[in-house]
>>> print(open('structure.txt').read())   # compact mmCIF, C-alpha atoms (C1' of nucleotides)
# COMPACT_ATOMS: atom_id res chain seq x y z
CA MET N 39 152.29 112.83 69.17
CA ILE N 40 154.31 113.66 72.26
CA SER N 41 152.73 117.08 72.30
CA ILE N 42 149.24 115.58 72.23
CA LYS N 43 150.14 113.49 75.24
CA ASN N 44 151.48 116.60 76.90
CA LYS N 45 148.31 118.53 76.25
CA LEU N 46 146.32 115.82 77.96
CA SER N 47 148.55 115.44 80.96
CA GLU N 48 148.90 119.21 81.37
CA LYS N 49 145.20 119.23 82.06
CA GLY N 50 145.40 116.27 84.40
CA LEU N 51 143.64 113.95 81.96
CA LYS N 52 144.46 110.28 81.65
CA ILE N 53 146.12 109.45 78.39
CA THR N 54 144.03 107.02 76.38
CA PRO N 55 144.20 106.08 72.70
CA GLN N 56 140.68 107.42 72.22
CA ARG N 57 141.48 110.81 73.67
CA MET N 58 144.63 111.05 71.59
CA SER N 59 142.74 110.18 68.40
CA ILE N 60 140.05 112.71 69.15
CA LEU N 61 142.51 115.47 69.85
CA GLU N 62 144.45 114.60 66.69
CA ALA N 63 141.22 114.68 64.69
CA ILE N 64 140.34 118.11 66.02
CA TYR N 65 143.75 119.42 65.02
CA SER N 66 143.41 117.86 61.56
CA ILE N 67 139.89 118.98 60.62
CA SER N 68 138.79 122.59 60.45
CA HIS N 69 135.93 123.28 62.87
CA PRO N 70 134.72 119.69 62.96
CA THR N 71 131.39 118.42 64.21
CA ALA N 72 131.32 115.42 66.53
CA ASP N 73 130.34 113.36 63.52
CA ASP N 74 133.29 114.62 61.46
CA ILE N 75 135.56 113.48 64.27
CA ILE N 76 133.94 110.05 64.49
CA LYS N 77 134.26 109.51 60.74
CA PHE N 78 137.88 110.69 60.73
CA ILE N 79 138.86 108.31 63.49
CA ARG N 80 136.99 105.36 62.01
CA GLN N 81 138.65 105.82 58.65
CA GLU N 82 142.17 106.46 59.93
CA HIS N 83 142.39 104.20 62.88
CA SER N 84 140.20 101.88 64.82
CA ASN N 85 136.60 102.07 65.82
CA ILE N 86 135.37 104.30 68.60
CA ALA N 87 132.02 104.54 70.38
CA THR N 88 130.03 107.67 69.61
CA GLY N 89 129.25 108.14 73.28
CA THR N 90 132.94 108.21 74.02
CA VAL N 91 133.50 110.96 71.46
CA TYR N 92 130.76 113.14 72.91
CA LYS N 93 131.98 112.54 76.43
CA VAL N 94 135.60 113.27 75.59
CA LEU N 95 134.66 116.41 73.67
CA ASP N 96 132.77 117.65 76.72
CA THR N 97 135.76 116.92 78.89
CA PHE N 98 138.07 118.78 76.53
CA VAL N 99 135.77 121.81 76.49
CA GLN N 100 135.59 121.71 80.29
CA LYS N 101 139.36 121.60 80.57
CA GLY N 102 139.83 124.34 78.01
CA LEU N 103 141.58 122.22 75.40
CA ILE N 104 139.02 123.15 72.76
CA LYS N 105 136.03 125.45 72.35
CA LYS N 106 132.53 125.07 71.02
CA ILE N 107 131.30 127.10 68.09
CA THR N 108 127.67 127.45 67.17
CA THR N 109 126.08 128.52 63.94
CA ASP N 110 122.54 129.09 62.70
CA LYS N 111 122.98 126.38 60.20
CA ASP N 112 123.90 123.17 61.87
CA VAL N 113 125.11 121.30 64.87
CA ILE N 114 127.82 122.21 67.33
CA ARG N 115 131.34 122.41 65.99
CA TYR N 116 134.62 122.41 67.84
CA ASP N 117 137.58 124.72 67.55
CA SER N 118 141.14 123.92 68.47
CA LEU N 119 142.39 127.49 68.12
CA LEU N 120 142.68 128.74 71.65
CA THR N 121 144.03 132.24 71.20
CA HIS N 122 141.21 134.72 71.26
CA HIS N 123 139.62 135.07 67.86
CA HIS N 124 136.46 135.68 65.93
CA HIS N 125 134.65 133.82 63.18
CA LEU N 126 133.78 134.54 59.59
CA HIS N 127 130.56 132.73 58.74
CA SER N 128 129.56 132.21 55.13
CA SER N 129 126.05 133.45 54.47
CA GLU N 130 125.78 130.96 51.64
CA ASP N 131 126.96 127.72 53.14
CA VAL N 132 128.39 126.15 56.25
CA LEU N 133 131.97 127.42 55.92
CA ILE N 134 133.55 129.03 58.95
CA LYS N 135 136.99 130.62 59.15
CA ASP N 136 138.93 131.87 62.11
CA TYR N 137 139.60 135.56 62.23
CA ILE N 138 142.34 136.89 64.47
CA ASP N 139 142.56 140.65 64.87
CA GLU N 140 144.38 142.01 67.87
CA GLU N 141 143.98 145.60 66.78
CA LEU N 142 140.23 145.14 66.79
CA ASP N 143 140.34 143.45 70.19
CA GLU N 144 142.26 146.42 71.50
CA ILE N 145 139.63 148.83 70.19
CA LEU N 146 136.82 146.79 71.74
CA ASN N 147 138.62 146.58 75.07
CA GLU N 148 139.09 150.32 75.18
CA TYR N 149 135.52 150.94 74.13
CA PHE N 150 134.05 148.76 76.86
CA GLN N 151 136.46 150.11 79.45
CA LYS N 152 134.77 153.44 79.01
CA LYS N 153 131.25 152.31 78.21
CA LYS N 154 130.03 149.99 80.92
CA ILE N 155 127.00 147.79 80.36
CA ASN N 156 124.59 148.16 83.25
CA GLY N 157 124.44 145.08 85.47
CA PHE N 158 126.77 143.04 83.31
CA LYS N 159 130.42 142.16 83.67
CA ILE N 160 132.03 141.29 80.34
CA GLU N 161 134.25 138.25 80.20
CA GLU N 162 134.72 137.70 76.50
CA ILE N 163 133.67 139.30 73.26
CA THR N 164 133.40 137.25 70.11
CA LEU N 165 132.35 138.60 66.74
CA GLN N 166 130.22 136.57 64.38
CA ILE N 167 131.01 138.15 61.06
CA LYS N 168 128.58 137.00 58.42
CA GLY N 169 129.29 137.53 54.75
CA LYS N 170 130.42 136.09 51.44
CA PHE N 171 133.70 134.38 50.68
CA ASN N 172 134.81 135.16 47.13
CA GLU N 173 136.55 132.49 45.04
CA MET O 160 96.17 141.77 67.14
CA ILE O 161 95.63 143.90 64.09
CA SER O 162 99.34 144.62 63.99
CA ILE O 163 100.14 140.91 64.04
CA LYS O 164 97.84 140.40 61.10
CA ASN O 165 99.52 143.30 59.37
CA LYS O 166 102.95 141.84 59.92
CA LEU O 167 101.86 138.64 58.26
CA SER O 168 100.16 140.22 55.28
CA GLU O 169 103.01 142.70 54.80
CA LYS O 170 105.16 139.68 54.07
CA GLY O 171 102.57 138.11 51.80
CA LEU O 172 101.76 135.35 54.29
CA LYS O 173 98.30 133.90 54.70
CA ILE O 174 96.75 134.80 58.01
CA THR O 175 96.06 131.69 60.03
CA PRO O 176 95.29 131.30 63.74
CA GLN O 177 98.45 129.20 64.14
CA ARG O 178 100.70 131.82 62.61
CA MET O 179 99.14 134.52 64.73
CA SER O 180 99.61 132.49 67.92
CA ILE O 181 103.21 131.76 67.07
CA LEU O 182 104.01 135.37 66.33
CA GLU O 183 102.26 136.44 69.54
CA ALA O 184 104.26 133.88 71.48
CA ILE O 185 107.53 135.15 70.06
CA TYR O 186 106.64 138.67 71.09
CA SER O 187 105.65 137.50 74.57
CA ILE O 188 108.63 135.31 75.43
CA SER O 189 112.22 136.51 75.49
CA HIS O 190 114.35 134.58 73.01
CA PRO O 191 112.15 131.49 72.99
CA THR O 192 113.02 128.05 71.74
CA ALA O 193 110.55 126.23 69.48
CA ASP O 194 109.52 124.25 72.53
CA ASP O 195 108.90 127.39 74.60
CA ILE O 196 106.57 128.55 71.86
CA ILE O 197 104.72 125.24 71.70
CA LYS O 198 104.20 125.21 75.46
CA PHE O 199 103.06 128.82 75.49
CA ILE O 200 100.46 128.24 72.81
CA ARG O 201 99.19 125.01 74.34
CA GLN O 202 98.72 126.64 77.73
CA GLU O 203 97.15 129.85 76.47
CA HIS O 204 95.09 128.71 73.58
CA SER O 205 94.43 125.59 71.65
CA ASN O 206 96.63 122.75 70.61
CA ILE O 207 99.12 123.07 67.79
CA ALA O 208 101.18 120.47 65.95
CA THR O 209 104.91 120.68 66.59
CA GLY O 210 105.61 120.30 62.89
CA THR O 211 103.52 123.36 62.21
CA VAL O 212 105.51 125.41 64.70
CA TYR O 213 108.83 124.45 63.16
CA LYS O 214 107.51 125.07 59.66
CA VAL O 215 106.05 128.45 60.55
CA LEU O 216 109.23 129.50 62.37
CA ASP O 217 111.25 128.67 59.27
CA THR O 218 108.85 130.68 57.16
CA PHE O 219 109.09 133.65 59.51
CA VAL O 220 112.89 133.54 59.43
CA GLN O 221 112.81 133.31 55.64
CA LYS O 222 110.53 136.31 55.41
CA GLY O 223 112.56 138.30 57.89
CA LEU O 224 109.90 138.49 60.59
CA ILE O 225 112.23 136.97 63.17
CA LYS O 226 115.85 135.87 63.47
CA LYS O 227 117.62 132.83 64.78
CA ILE O 228 120.07 133.04 67.66
CA THR O 229 122.53 130.39 68.62
CA THR O 230 124.27 129.76 71.89
CA ASP O 231 126.85 127.27 73.08
CA LYS O 232 124.41 125.97 75.60
CA ASP O 233 121.29 124.78 73.94
CA VAL O 234 119.00 124.64 70.96
CA ILE O 235 118.12 127.35 68.51
CA ARG O 236 116.27 130.32 69.88
CA TYR O 237 114.32 132.98 68.06
CA ASP O 238 114.50 136.73 68.32
CA SER O 239 111.74 139.16 67.45
CA LEU O 240 113.94 142.25 67.72
CA LEU O 241 114.73 143.15 64.15
CA THR O 242 116.84 146.29 64.52
CA HIS O 243 120.50 145.40 64.42
CA HIS O 244 121.76 144.37 67.83
CA HIS O 245 124.10 142.17 69.78
CA HIS O 246 123.63 139.66 72.57
CA LEU O 247 124.75 139.41 76.14
CA HIS O 248 125.14 135.76 77.05
CA SER O 249 125.32 134.70 80.67
CA SER O 250 128.36 132.54 81.35
CA GLU O 251 126.49 130.94 84.22
CA ASP O 252 123.14 130.02 82.75
CA VAL O 253 121.06 130.23 79.64
CA LEU O 254 120.03 133.88 79.93
CA ILE O 255 120.40 136.06 76.86
CA LYS O 256 119.71 139.77 76.62
CA ASP O 257 119.59 142.03 73.62
CA TYR O 258 122.23 144.71 73.45
CA ILE O 259 121.71 147.66 71.15
CA ASP O 260 124.67 150.02 70.69
CA GLU O 261 124.69 152.24 67.66
CA GLU O 262 127.88 153.99 68.70
CA LEU O 263 129.67 150.65 68.72
CA ASP O 264 128.18 149.72 65.35
CA GLU O 265 129.51 152.98 63.97
CA ILE O 266 133.00 152.23 65.27
CA LEU O 267 132.92 148.73 63.79
CA ASN O 268 131.69 150.03 60.44
CA GLU O 269 134.47 152.56 60.27
CA TYR O 270 137.05 150.02 61.33
CA PHE O 271 136.08 147.52 58.66
CA GLN O 272 135.77 150.19 56.02
CA LYS O 273 139.49 150.75 56.43
CA LYS O 274 140.59 147.22 57.27
CA LYS O 275 139.38 144.85 54.59
CA ILE O 276 139.32 141.11 55.22
CA ASN O 277 140.99 139.32 52.35
CA GLY O 278 138.53 137.37 50.20
CA PHE O 279 135.54 138.15 52.36
CA LYS O 280 132.72 140.62 51.97
CA ILE O 281 131.11 141.49 55.31
CA GLU O 282 127.34 141.56 55.47
CA GLU O 283 126.64 141.70 59.18
CA ILE O 284 128.58 141.82 62.41
CA THR O 285 127.07 140.48 65.60
CA LEU O 286 128.82 140.46 68.95
CA GLN O 287 128.39 137.60 71.35
CA ILE O 288 129.28 139.21 74.64
CA LYS O 289 129.76 136.60 77.30
CA GLY O 290 129.82 137.52 80.96
CA LYS O 291 128.02 137.68 84.29
CA PHE O 292 124.75 139.41 85.02
CA ASN O 293 124.68 140.84 88.53
CA GLU O 294 121.17 140.71 89.98
C1' DT U 131 152.38 93.64 89.56
C1' DC U 132 148.20 95.13 92.08
C1' DT U 133 144.56 98.17 93.12
C1' DT U 134 141.54 101.67 92.42
C1' DT U 135 139.69 105.09 89.89
C1' DT U 136 138.32 106.52 85.66
C1' DA U 137 137.33 105.74 80.83
C1' DT U 138 135.28 103.11 77.18
C1' DG U 139 131.89 100.32 74.66
C1' DA U 140 127.39 98.90 73.23
C1' DG U 141 123.20 99.96 72.67
C1' DA U 142 118.95 101.84 74.51
C1' DA U 143 116.72 106.26 75.47
C1' DT U 144 115.84 110.94 74.80
C1' DT U 145 115.37 115.25 72.39
C1' DA U 146 114.99 118.20 68.65
C1' DT U 147 113.70 118.51 64.23
C1' DT U 148 112.10 117.05 59.66
C1' DC U 149 109.24 114.55 56.55
C1' DT U 150 105.12 112.41 54.48
C1' DC U 151 100.74 112.41 53.36
C1' DT U 152 95.98 113.47 54.23
C1' DT U 153 92.72 116.88 55.62
C1' DT U 154 91.54 121.53 56.32
C1' DT U 155 91.28 126.31 55.49
C1' DA U 156 92.32 131.12 53.80
C1' DA U 157 91.51 134.18 50.23
C1' DG U 158 90.44 135.62 45.89
C1' DA U 159 87.11 134.68 41.95
C1' DA U 160 82.62 134.07 40.36
C1' DT Z 28 77.90 134.42 49.58
C1' DT Z 29 79.61 130.37 47.67
C1' DC Z 30 83.16 128.05 45.04
C1' DT Z 31 87.82 126.87 43.91
C1' DT Z 32 92.41 126.11 44.63
C1' DA Z 33 96.77 126.73 46.41
C1' DA Z 34 98.78 126.78 50.65
C1' DA Z 35 98.77 125.49 55.49
C1' DA Z 36 98.02 122.46 59.32
C1' DG Z 37 97.66 118.00 61.61
C1' DA Z 38 99.18 113.43 63.02
C1' DG Z 39 102.50 110.70 63.60
C1' DA Z 40 106.41 108.23 61.66
C1' DA Z 41 111.32 108.96 60.61
C1' DT Z 42 115.73 110.86 61.26
C1' DA Z 43 119.60 113.00 63.50
C1' DA Z 44 122.15 114.42 67.29
C1' DT Z 45 123.15 113.66 71.72
C1' DT Z 46 122.81 111.60 76.35
C1' DC Z 47 122.41 107.87 79.50
C1' DT Z 48 123.13 103.31 81.71
C1' DC Z 49 125.72 99.88 83.14
C1' DA Z 50 129.00 96.29 82.46
C1' DT Z 51 133.85 95.76 81.03
C1' DA Z 52 138.47 97.41 80.28
C1' DA Z 53 142.46 99.88 81.04
C1' DA Z 54 145.39 103.91 82.91
C1' DA Z 55 148.41 105.32 86.60
C1' DG Z 56 150.17 105.45 90.89
C1' DA Z 57 151.23 102.42 95.04
>>> encode(input="structure.txt", output="structure tokens")
Amino acid sequence: MISIKNKLSEKGLKITPQRMSILEAIYSISHPTADDIIKFIRQEHSNIATGTVYKVLDTFVQKGLIKKITTDKDVIRYDSLLTHHHHLHSSEDVLIKDYIDEELDEILNEYFQKKKINGFKIEEITLQIKGKFNE
Amino acid sequence: MISIKNKLSEKGLKITPQRMSILEAIYSISHPTADDIIKFIRQEHSNIATGTVYKVLDTFVQKGLIKKITTDKDVIRYDSLLTHHHHLHSSEDVLIKDYIDEELDEILNEYFQKKKINGFKIEEITLQIKGKFNE
DNA sequence: TCTTTTATGAGAATTATTCTCTTTTAAGAA
DNA sequence: TTCTTAAAAGAGAATAATTCTCATAAAAGA
């Protein structure tokens, strides 16, 4: 809990029970939607206004505490893993898993160091790897 | 126009004025949203029901005539470019450009031929390349 | 403890999308 | 060409996700 408070104050955010619950929820649920977070908080703790959740999530994204993930399949999801990574998307359902691969990142960096894209300055490369999870 | 008809009948789809307009719109607008398509058709030609547009877009995706693209920023967009490619996403606005790079695809294929991902069978790899477009 | 700024709550509003059901139409058969 | 029928389109209601508004509450520093 102390570390959640720290994460908020590190970013200059006021510490409120709502923000702490939301951040806890994001750490507890894998790639949650806003609705997942609302349900989690309402079941575990007290009530929370949906508007608050959306507003706080925006704030967290702005401050770099979490990231958005998008898929073809449904609404926006949030990701608490901040180290650079990619995503494995199930082609059959909604499942998403994080995929960390520094060797791959290295290869991509080298590749795009040589091969410039005309009129475009790369900031971040994320792979959407679509496929099938077995068992 | 004949080629649009052909594209529909190739996929076993009935040729209707609505489907032709929608397909035309997708070819005319870069990475349109459903709403972009509706506006385009209503300004150029006749009226069309929004439900029809959504239904037809789904059908087209199902049949492989177009693909969905997602961004962090807004709603689902559609892509008429069918050859495998990646996307350059502006970090400043909503602009998306197609990025075709067969050399890169080759490198990725080779890489993942060697390095298997445990419990996952890759079907398609798409890069989301975020950055800045300079004029 | 007080003050001020910022956050939260409640619910209305908006937006995107889907659904339902009736009417229309494309396309192959006669 | 006309007929038949399955499939598509239309209209608009319904739903879902998200945003907005504004009054109230509560952090955090003075």
>>> calpha_fit_and_write(input="structure.txt", fixed="chain O", moving="chain N", output="mmCIF file with C-alpha atoms, keeping the file's coordinate frame")
data_model
loop_
_atom_site.group_PDB
_atom_site.id
_atom_site.type_symbol
_atom_site.label_atom_id
_atom_site.label_comp_id
_atom_site.auth_asym_id
_atom_site.auth_seq_id
_atom_site.Cartn_x
_atom_site.Cartn_y
_atom_site.Cartn_z
ATOM 1 C CA MET N 39 96.237 141.851 67.023
ATOM 2 C CA ILE N 40 95.696 143.945 63.918
ATOM 3 C CA SER N 41 99.400 144.628 63.808
ATOM 4 C CA ILE N 42 100.190 140.913 63.905
ATOM 5 C CA LYS N 43 97.913 140.409 60.939
ATOM 6 C CA ASN N 44 99.650 143.279 59.217
ATOM 7 C CA LYS N 45 103.067 141.811 59.825
ATOM 8 C CA LEU N 46 101.973 138.603 58.169
ATOM 9 C CA SER N 47 100.325 140.172 55.179
ATOM 10 C CA GLU N 48 103.194 142.629 54.693
ATOM 11 C CA LYS N 49 105.333 139.611 53.999
ATOM 12 C CA GLY N 50 102.761 138.041 51.720
ATOM 13 C CA LEU N 51 101.924 135.292 54.205
ATOM 14 C CA LYS N 52 98.459 133.848 54.590
ATOM 15 C CA ILE N 53 96.879 134.760 57.868
ATOM 16 C CA THR N 54 96.136 131.674 59.925
ATOM 17 C CA PRO N 55 95.333 131.310 63.623
ATOM 18 C CA GLN N 56 98.466 129.214 64.073
ATOM 19 C CA ARG N 57 100.748 131.807 62.555
ATOM 20 C CA MET N 58 99.162 134.541 64.633
ATOM 21 C CA SER N 59 99.597 132.531 67.838
ATOM 22 C CA ILE N 60 103.202 131.785 67.034
ATOM 23 C CA LEU N 61 104.024 135.379 66.281
ATOM 24 C CA GLU N 62 102.248 136.496 69.459
ATOM 25 C CA ALA N 63 104.212 133.926 71.454
ATOM 26 C CA ILE N 64 107.497 135.172 70.054
ATOM 27 C CA TYR N 65 106.617 138.723 71.031
ATOM 28 C CA SER N 66 105.598 137.584 74.521
ATOM 29 C CA ILE N 67 108.560 135.365 75.435
ATOM 30 C CA SER N 68 112.145 136.551 75.531
ATOM 31 C CA HIS N 69 114.317 134.587 73.095
ATOM 32 C CA PRO N 70 112.083 131.527 73.077
ATOM 33 C CA THR N 71 112.946 128.061 71.850
ATOM 34 C CA ALA N 72 110.497 126.247 69.591
ATOM 35 C CA ASP N 73 109.432 124.291 72.641
ATOM 36 C CA ASP N 74 108.794 127.450 74.678
ATOM 37 C CA ILE N 75 106.505 128.616 71.894
ATOM 38 C CA ILE N 76 104.635 125.311 71.742
ATOM 39 C CA LYS N 77 104.074 125.302 75.502
ATOM 40 C CA PHE N 78 102.948 128.940 75.492
ATOM 41 C CA ILE N 79 100.392 128.337 72.781
ATOM 42 C CA ARG N 80 99.088 125.124 74.319
ATOM 43 C CA GLN N 81 98.563 126.782 77.671
ATOM 44 C CA GLU N 82 97.033 130.012 76.381
ATOM 45 C CA HIS N 83 95.010 128.855 73.478
ATOM 46 C CA SER N 84 94.346 125.707 71.583
ATOM 47 C CA ASN N 85 96.561 122.865 70.576
ATOM 48 C CA ILE N 86 99.045 123.117 67.751
ATOM 49 C CA ALA N 87 101.143 120.500 65.963
ATOM 50 C CA THR N 88 104.860 120.689 66.668
ATOM 51 C CA GLY N 89 105.632 120.282 62.988
ATOM 52 C CA THR N 90 103.547 123.328 62.250
ATOM 53 C CA VAL N 91 105.513 125.400 64.754
ATOM 54 C CA TYR N 92 108.849 124.404 63.258
ATOM 55 C CA LYS N 93 107.595 125.016 59.752
ATOM 56 C CA VAL N 94 106.117 128.403 60.580
ATOM 57 C CA LEU N 95 109.256 129.468 62.435
ATOM 58 C CA ASP N 96 111.307 128.606 59.359
ATOM 59 C CA THR N 97 108.949 130.603 57.207
ATOM 60 C CA PHE N 98 109.175 133.589 59.531
ATOM 61 C CA VAL N 99 112.977 133.459 59.507
ATOM 62 C CA GLN N 100 112.934 133.212 55.710
ATOM 63 C CA LYS N 101 110.664 136.225 55.436
ATOM 64 C CA GLY N 102 112.674 138.218 57.940
ATOM 65 C CA LEU N 103 109.978 138.452 60.594
ATOM 66 C CA ILE N 104 112.259 136.927 63.212
ATOM 67 C CA LYS N 105 115.870 135.817 63.573
ATOM 68 C CA LYS N 106 117.602 132.753 64.907
ATOM 69 C CA ILE N 107 120.019 132.952 67.794
ATOM 70 C CA THR N 108 122.415 130.199 68.704
ATOM 71 C CA THR N 109 124.262 129.554 71.910
ATOM 72 C CA ASP N 110 126.791 127.005 73.135
ATOM 73 C CA LYS N 111 124.367 125.828 75.690
ATOM 74 C CA ASP N 112 121.186 124.709 74.086
ATOM 75 C CA VAL N 113 118.910 124.586 71.126
ATOM 76 C CA ILE N 114 118.047 127.297 68.650
ATOM 77 C CA ARG N 115 116.202 130.302 69.989
ATOM 78 C CA TYR N 116 114.278 132.961 68.142
ATOM 79 C CA ASP N 117 114.461 136.714 68.388
ATOM 80 C CA SER N 118 111.738 139.150 67.488
ATOM 81 C CA LEU N 119 113.938 142.234 67.766
ATOM 82 C CA LEU N 120 114.731 143.154 64.212
ATOM 83 C CA THR N 121 116.818 146.280 64.592
ATOM 84 C CA HIS N 122 120.469 145.407 64.479
ATOM 85 C CA HIS N 123 121.730 144.348 67.870
ATOM 86 C CA HIS N 124 124.085 142.140 69.784
ATOM 87 C CA HIS N 125 123.657 139.619 72.570
ATOM 88 C CA LEU N 126 124.808 139.363 76.144
ATOM 89 C CA HIS N 127 125.203 135.699 77.027
ATOM 90 C CA SER N 128 125.417 134.621 80.646
ATOM 91 C CA SER N 129 128.466 132.477 81.278
ATOM 92 C CA GLU N 130 126.637 130.851 84.158
ATOM 93 C CA ASP N 131 123.285 129.929 82.725
ATOM 94 C CA VAL N 132 121.125 130.157 79.648
ATOM 95 C CA LEU N 133 120.102 133.818 79.956
ATOM 96 C CA ILE N 134 120.453 136.004 76.895
ATOM 97 C CA LYS N 135 119.763 139.728 76.666
ATOM 98 C CA ASP N 136 119.614 142.001 73.683
ATOM 99 C CA TYR N 137 122.238 144.676 73.489
ATOM 100 C CA ILE N 138 121.705 147.657 71.225
ATOM 101 C CA ASP N 139 124.641 150.001 70.749
ATOM 102 C CA GLU N 140 124.650 152.239 67.723
ATOM 103 C CA GLU N 141 127.831 153.996 68.740
ATOM 104 C CA LEU N 142 129.619 150.667 68.736
ATOM 105 C CA ASP N 143 128.118 149.745 65.371
ATOM 106 C CA GLU N 144 129.412 153.012 64.003
ATOM 107 C CA ILE N 145 132.920 152.269 65.261
ATOM 108 C CA LEU N 146 132.849 148.780 63.750
ATOM 109 C CA ASN N 147 131.582 150.092 60.427
ATOM 110 C CA GLU N 148 134.363 152.633 60.241
ATOM 111 C CA TYR N 149 136.947 150.086 61.275
ATOM 112 C CA PHE N 150 135.969 147.598 58.589
ATOM 113 C CA GLN N 151 135.636 150.317 55.974
ATOM 114 C CA LYS N 152 139.338 150.862 56.345
ATOM 115 C CA LYS N 153 140.460 147.344 57.165
ATOM 116 C CA LYS N 154 139.223 144.980 54.501
ATOM 117 C CA ILE N 155 139.185 141.242 55.103
ATOM 118 C CA ASN N 156 140.828 139.455 52.204
ATOM 119 C CA GLY N 157 138.362 137.531 50.047
ATOM 120 C CA PHE N 158 135.389 138.281 52.250
ATOM 121 C CA LYS N 159 132.558 140.751 51.911
ATOM 122 C CA ILE N 160 130.975 141.600 55.259
ATOM 123 C CA GLU N 161 127.214 141.661 55.463
ATOM 124 C CA GLU N 162 126.557 141.768 59.174
ATOM 125 C CA ILE N 163 128.525 141.869 62.380
ATOM 126 C CA THR N 164 127.061 140.501 65.571
ATOM 127 C CA LEU N 165 128.827 140.459 68.911
ATOM 128 C CA GLN N 166 128.438 137.574 71.310
ATOM 129 C CA ILE N 167 129.329 139.167 74.598
ATOM 130 C CA LYS N 168 129.838 136.548 77.259
ATOM 131 C CA GLY N 169 129.923 137.474 80.918
ATOM 132 C CA LYS N 170 128.152 137.603 84.258
ATOM 133 C CA PHE N 171 124.876 139.304 85.055
ATOM 134 C CA ASN N 172 124.933 140.699 88.589
ATOM 135 C CA GLU N 173 121.785 140.603 90.735
#
>>> interface_residues(input="structure.txt", of="chain N", to="chain O", cutoff="10 Å", atoms="all atoms listed in the file", output="PyMOL selection string")
chain N and resi 105-115+124+126-129+137+141-142+145-146+149-150+153+155-173
>>> residues_around(input="structure.txt", residues="DT134 in chain U", least_positions_apart="2", cutoff="10 Å", atoms="all atoms listed in the file", output="count of residues only")
4
>>> residues_around(input="structure.txt", residues="range 40-49 of chain Z", least_positions_apart="3", cutoff="9 Å", atoms="only C-alpha atoms (C1' of nucleotides)", output="JSON, numbers by chain")
{"N": [89, 92, 113], "U": [142, 143, 144, 145, 146, 147, 148, 149, 150]}
>>> interface_residues(input="structure.txt", of="chain N", to="chain U", cutoff="10 Å", atoms="all atoms listed in the file", output="PyMOL selection string")
chain N and resi 51-54+56-57+86-91+93-94
>>> write_last_selection(input="structure.txt", atoms="C-alpha atoms", output="PDB file, in the frame of the given file")
ATOM      1  CA  LEU N  51     143.640 113.950  81.960  1.00  0.00           C
ATOM      2  CA  LYS N  52     144.460 110.280  81.650  1.00  0.00           C
ATOM      3  CA  ILE N  53     146.120 109.450  78.390  1.00  0.00           C
ATOM      4  CA  THR N  54     144.030 107.020  76.380  1.00  0.00           C
ATOM      5  CA  GLN N  56     140.680 107.420  72.220  1.00  0.00           C
ATOM      6  CA  ARG N  57     141.480 110.810  73.670  1.00  0.00           C
ATOM      7  CA  ILE N  86     135.370 104.300  68.600  1.00  0.00           C
ATOM      8  CA  ALA N  87     132.020 104.540  70.380  1.00  0.00           C
ATOM      9  CA  THR N  88     130.030 107.670  69.610  1.00  0.00           C
ATOM     10  CA  GLY N  89     129.250 108.140  73.280  1.00  0.00           C
ATOM     11  CA  THR N  90     132.940 108.210  74.020  1.00  0.00           C
ATOM     12  CA  VAL N  91     133.500 110.960  71.460  1.00  0.00           C
ATOM     13  CA  LYS N  93     131.980 112.540  76.430  1.00  0.00           C
ATOM     14  CA  VAL N  94     135.600 113.270  75.590  1.00  0.00           C
TER      15      VAL N  94
END
>>> atom_distance(input="structure.txt", atom1="CA of Asp257 in chain O", atom2="CA of Ile181 in chain O")
20.4 Å
>>> interface_residues(input="structure.txt", of="chain Z", to="chain O", cutoff="8 Å", atoms="only C-alpha atoms (C1' of nucleotides)", output="ChimeraX atom specification")
/Z:36-38
>>> atom_distance(input="structure.txt", atom1="CA of Tyr186 in chain O", atom2="CA of Ser239 in chain O")
6.3 Å
>>> atom_distance(input="structure.txt", atom1="CA of Asp73 in chain N", atom2="CA of Asn85 in chain N")
13.1 Å
>>> residues_around(input="structure.txt", residues="range 219-224 of chain O", least_positions_apart="6", cutoff="8 Å", atoms="only C-alpha atoms (C1' of nucleotides)", output="tab-separated table (two decimals) with C-alpha atoms, keeping the file's coordinate frame")
chain	number	residue	atom	x	y	z
O	166	LYS	CA	102.95	141.84	59.92
O	170	LYS	CA	105.16	139.68	54.07
O	239	SER	CA	111.74	139.16	67.45
O	241	LEU	CA	114.73	143.15	64.15
